[in-house]
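In what follows, a structure is listed as C-alpha cells, so that the remarks can point back to it.
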Amino acid sequence: MSNSTPYTRFQTTLHKVLKKLKLEDGQNTLFDLPQFVHKENISIKKDDGKEERYHAFRVQYNNARGPFKGGIRFHEDADEDEVKALAALMAIKTSVVNIPFGGAKGGVQVNPKNLSSSEVQQVSRAYVQAFSENLGPDIDCPAPDLNTNADIMAWMRDEYEKITKTYSPAMITGKPLSFGGSIGRDTATARGAFFIIQEMVDRLALDPGDMKVVVQGFGNAGSHMAQLLHQAGYIVIAVSDSRGGIYIPEGLDPIRIDKYKHKTGSVKGEYCTESVCDVDRMKLDNVQEVTNEELLELECDILIPAALDNVLTKDNASRIKAKYILELANGPTTPEADVIFEKMGTRVIPDVLANAGGVTVSYFEWSQGRSGEQWTKNQVDERLKRVMLDAYKAVRREARREHMTYREAAFSVGIKRMIDAMKVRGWI
Ligand code: NAD
C-alpha cells in the first residue's frame, strides 16, 4: 500500500512536468503551496437542541488567471490535504480550458446523510458566514462537489447576499435554474467529455459501433456519460455504483438502467433486491453481476472511472485491458499506475481535461450572472464544444511536441498559462 496522499500525488505529476519545462530559477517553487489556506470551525444547533461543530476549509491555490473557483464538499473524510490537492487540480483545469479563473476548493468534515435538511441548511449558511470575506464573484466563486447540490448553492448565495447586502448571482455556480443557474450545467461534465471522445474516435477513424465502454460510477457524471455514448451508438457493456455493477457483453441500455436506479437506488435494481438477484432472469438477458474491482478489468475499448479517486493503482494497472481511459472522476489514477499505462501504451485522457466541462459551464453560469443574460441550450452546448475541443487540441499538440503523456501535457499547458499570467502581473 502506498502512503501517498492526494496532495503528494498531485506534486508527483507537478514536479515531473516542472522538470521537463526547465523553468527559470524560483519559478518551480511557485506551485508547491496554495496561496491561502482558510480554516474555521463552524457550528450548528441540531434539531435536538445540541450544538455540533465541524472543521471547514477553503483552500485558494492560485488566482493569477482570475477569481478562485472550485467546489465545496461535505464529507466526513474531507481534510486539508485532499482539499489542497483538489484546489491545485482546479487551477490546472481552469487553465487547460482557458477560462478566466484560478483554482480553489472547499470542504466541511461532515456527513450530511446524518443531518436533517434544516441542519444541512445551517451548515451551508455557517460555511458562508465563516468565509464570506474570502468569497465573492470577483474573489472566489464556489460550486457543488461531493454531497453538495443546487439547494445548498441557493442557501449559500442567499446567505452571502444577506451578509454583503448585494445582489450577487455570480458569487456561486451550480444554482437551481429558478435562482440563477445555467441550462446545461447538470449534463456539462459528461457532455464535455463526450465531445473529446467523439473527436478522438473521429481522428482515429474508429467506428463508435465497434467501441465497447465500461463506466464506473452511475451518478451525475457517469450516468449522463453512459447515456450520451449509448445514444451515439457506442456499446456500453458495464456500469456500476457503490453497490456493485452489471455487465452485459452485447451492450446494455443506460437509459433503462437510470430509470431502475431512480426507482430502486441501484444500477442492478432491475434484477436484484438488496443481495438477492433473480438469477433466471439474469441468465435469460445474459446479465452478469460484477464487483467494482472486476468491472475495471473487463475487456473493453474505453474505461471511464466516474466515481472515486485512487481506483487505478500499481496493484491493478497491468490488468486493465482498456485502450483508452477517460477520467471523469478526479484523481482516479495514481502516478505509479500512470507509469504502467504509459509502458502499456494505454492512452489516459486526464481529469484536468476530461471532466473540465463542468467548470466550463460554471463559467458560463458566472458570466450569465454578471451580465444578466440567459443562454439557450444550443448556446451552452456550442460554446462548451468549442472550449473542450480547443483544450483537447492544445493538450494533444503539447504531448506531441514535448514527448509527454496527456496528463503531463495538460499540466504543462496549464502551468505555462499560469506562469504567463503571473509574469504579466509582475509576480515573477
Ligand atoms: P455523484 O455523487 O453524483 O455520483 C457518484 C457515483 O459513484 C454514484 O453512482 C455512487 O454510487 C458511485 N460510487 C460511490 N462509491 C463507489 C464505489 N466504491 N465504486 C463504484 N461507484 C461508487 O458524483 P458525480 O458528480 O457524478 O461525481 C463523480 C466523480 O466525478 C467525482 O470524482 C467528482 O469529483 C467528479 N466530477 C464531477 C463533476 C460534476 O459536474 N458532477 C465535475 C468534475 C468532476
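Every chain in the C-alpha cells has a letter given in the order shown (A, B, ...), and although residue numbers restart at 1 in each chain, ligands are simply numbered from 1 in the order shown.
Scanning segment 109-165 of chain A with DSSP on the backbone, the strand (DSSP E or B) assignments fall on Gly136, Asp140, Cys141, Pro142, Ala143 and Pro144 of chain A.
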Since we have the selection now, will you write its residues out, keeping N, CA, C and O atoms, as a PDB file, in the first residue's frame?
```pdb
ATOM      1  N   GLY A 136     -16.836  35.694  -3.195  1.00  0.00           N
ATOM      2  CA  GLY A 136     -17.451  36.781  -3.967  1.00  0.00           C
ATOM      3  C   GLY A 136     -17.166  36.599  -5.437  1.00  0.00           C
ATOM      4  O   GLY A 136     -16.190  35.925  -5.795  1.00  0.00           O
ATOM      5  N   ASP A 140     -13.700  34.696  -5.213  1.00  0.00           N
ATOM      6  CA  ASP A 140     -13.680  33.230  -5.154  1.00  0.00           C
ATOM      7  C   ASP A 140     -15.114  32.752  -5.297  1.00  0.00           C
ATOM      8  O   ASP A 140     -15.980  33.118  -4.505  1.00  0.00           O
ATOM      9  N   CYS A 141     -15.336  31.947  -6.323  1.00  0.00           N
ATOM     10  CA  CYS A 141     -16.702  31.540  -6.687  1.00  0.00           C
ATOM     11  C   CYS A 141     -16.860  30.022  -6.507  1.00  0.00           C
ATOM     12  O   CYS A 141     -16.383  29.248  -7.335  1.00  0.00           O
ATOM     13  N   PRO A 142     -17.499  29.567  -5.422  1.00  0.00           N
ATOM     14  CA  PRO A 142     -17.651  28.121  -5.193  1.00  0.00           C
ATOM     15  C   PRO A 142     -18.692  27.465  -6.113  1.00  0.00           C
ATOM     16  O   PRO A 142     -19.340  28.129  -6.928  1.00  0.00           O
ATOM     17  N   ALA A 143     -18.860  26.165  -5.921  1.00  0.00           N
ATOM     18  CA  ALA A 143     -19.769  25.357  -6.748  1.00  0.00           C
ATOM     19  C   ALA A 143     -20.053  24.064  -5.981  1.00  0.00           C
ATOM     20  O   ALA A 143     -19.432  23.816  -4.959  1.00  0.00           O
ATOM     21  N   PRO A 144     -20.971  23.236  -6.484  1.00  0.00           N
ATOM     22  CA  PRO A 144     -21.216  21.959  -5.801  1.00  0.00           C
ATOM     23  C   PRO A 144     -20.051  20.988  -5.980  1.00  0.00           C
ATOM     24  O   PRO A 144     -19.276  21.101  -6.934  1.00  0.00           O
TER      25      PRO A 144
END
```
Quiz prompt | Surrounding residues as a PyMOL selection string, ligand 1, max 8 Å, only C-alpha atoms and all ligand atoms | solution = chain A and resi 144-147+185-190+216-223+240-245+266+292+305-309+328-332+351+355-359
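Across the structure, atom CA of Ala193 of chain A and atom CA of Ala391 of chain A are spaced 11.3 Å apart.
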Quiz item: Using only C-alpha atoms, which of the listed residues (A:Ser132, A:Gln121, A:Ser182, A:Asn111) sits closest to Thr376 of chain A?
Solution: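 Nearest candidate to Thr376 of chain A out of A:Ser132, A:Gln121, A:Ser182, A:Asn111: A:Ser182.
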Quiz prompt | Ile302 of chain A surroundings by only C-alpha atoms, 9 Å radius, close-in-sequence under 3 positions cut, as a PyMOL selection string | solution = chain A and resi 211-215+322-326
Quiz item: atom CA of Leu33 of chain A and atom CA of Gln11 of chain A, how far apart in Å?
Solution: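 For atom CA of Gln11 of chain A relative to atom CA of Leu33 of chain A, the distance reads 9.9 Å.
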Exercise. Among the residues of segment 72-177 of chain A, find those DSSP assigns to helix (DSSP H, G or I) from the backbone and print them as a PyMOL selection string.
Key: chain A and resi 80-96+112-114+117-134+150-164+169-171+177
Quiz item: Counting only C-alpha atoms, what is within 12 Å of Cys272 of chain A, bar same-chain residues fewer than 4 positions away, as JSON, numbers by chain?
Solution: {"A": [243, 244, 245, 246, 260, 261, 264, 265, 266, 267, 268, 276, 277, 278, 279, 280, 281, 282, 287, 288, 289]}
Quiz prompt | From A:Gly209, A:Gly251, A:Val348, A:Val239, residue lying nearest Leu295 of chain A [only C-alpha atoms] | solution = A:Val239
Quiz item: Residues at most 8 Å from segment 413-424 of chain A, counting only C-alpha atoms, excluding those fewer than 4 positions away in the same chain, as a count of residues only?
Solution: 13
Practice problem: Grab the atom CA of Ile72 of chain A to atom CA of Val110 of chain A distance for me, in Å with one decimal place. | Solution: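 Straight-line distance from atom CA of Ile72 of chain A to atom CA of Val110 of chain A works out to 11.8 Å.
The residue set within 9 Å of Asp79 of chain A, counting only C-alpha atoms and dropping same-chain residues fewer than 4 places from it, reads His55, Ala56, Phe57, His75, Val83, Lys84, Gly107, Val108 and Gln109 of chain A.
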Please produce an output containing N, CA, C and O atoms for each residue in the selection, written as a CSV table (one decimal), in the first residue's frame.
```csv
chain,number,residue,atom,x,y,z
A,55,HIS,N,-15.1,20.9,11.3
A,55,HIS,CA,-13.9,21.6,10.7
A,55,HIS,C,-14.4,22.0,9.2
A,55,HIS,O,-14.9,21.2,8.5
A,56,ALA,N,-14.0,23.2,8.9
A,56,ALA,CA,-14.3,23.7,7.5
A,56,ALA,C,-13.1,24.3,6.9
A,56,ALA,O,-12.3,24.9,7.6
A,57,PHE,N,-13.0,24.1,5.6
A,57,PHE,CA,-11.8,24.6,4.9
A,57,PHE,C,-12.2,25.4,3.6
A,57,PHE,O,-13.1,25.0,3.0
A,75,HIS,N,-18.1,16.1,3.5
A,75,HIS,CA,-17.8,14.7,3.6
A,75,HIS,C,-17.0,14.5,4.9
A,75,HIS,O,-16.1,15.3,5.2
A,83,VAL,N,-8.4,18.7,0.2
A,83,VAL,CA,-8.9,19.9,-0.4
A,83,VAL,C,-7.8,20.7,-1.1
A,83,VAL,O,-8.0,21.3,-2.2
A,84,LYS,N,-6.6,20.6,-0.6
A,84,LYS,CA,-5.4,21.3,-1.2
A,84,LYS,C,-5.2,20.7,-2.6
A,84,LYS,O,-5.0,21.4,-3.6
A,107,GLY,N,-14.3,22.4,1.8
A,107,GLY,CA,-14.8,21.2,2.4
A,107,GLY,C,-15.3,21.4,3.8
A,107,GLY,O,-14.8,22.3,4.5
A,108,VAL,N,-16.2,20.6,4.2
A,108,VAL,CA,-16.7,20.6,5.6
A,108,VAL,C,-16.6,19.1,6.0
A,108,VAL,O,-17.1,18.3,5.3
A,109,GLN,N,-16.0,18.9,7.2
A,109,GLN,CA,-15.9,17.5,7.7
A,109,GLN,C,-17.2,17.1,8.3
A,109,GLN,O,-17.4,17.1,9.5
```
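Proximity ranking of A:Val37, A:Ala354, A:Ala87, A:Ala126 relative to Gly103 of chain A places A:Ala87 first, based on only C-alpha atoms.
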Quiz item: Nearest to Gly184 of chain A among A:Leu312, A:His15, A:Glu293, A:His224, with distances taken over only C-alpha atoms: which residue is it?
Solution: A:His224
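The nearest approach to Ser168 of chain A among the residues A:Glu299, A:Pro350, A:Thr291, A:Ser371, with only C-alpha atoms taken into account, belongs to A:Ser371.
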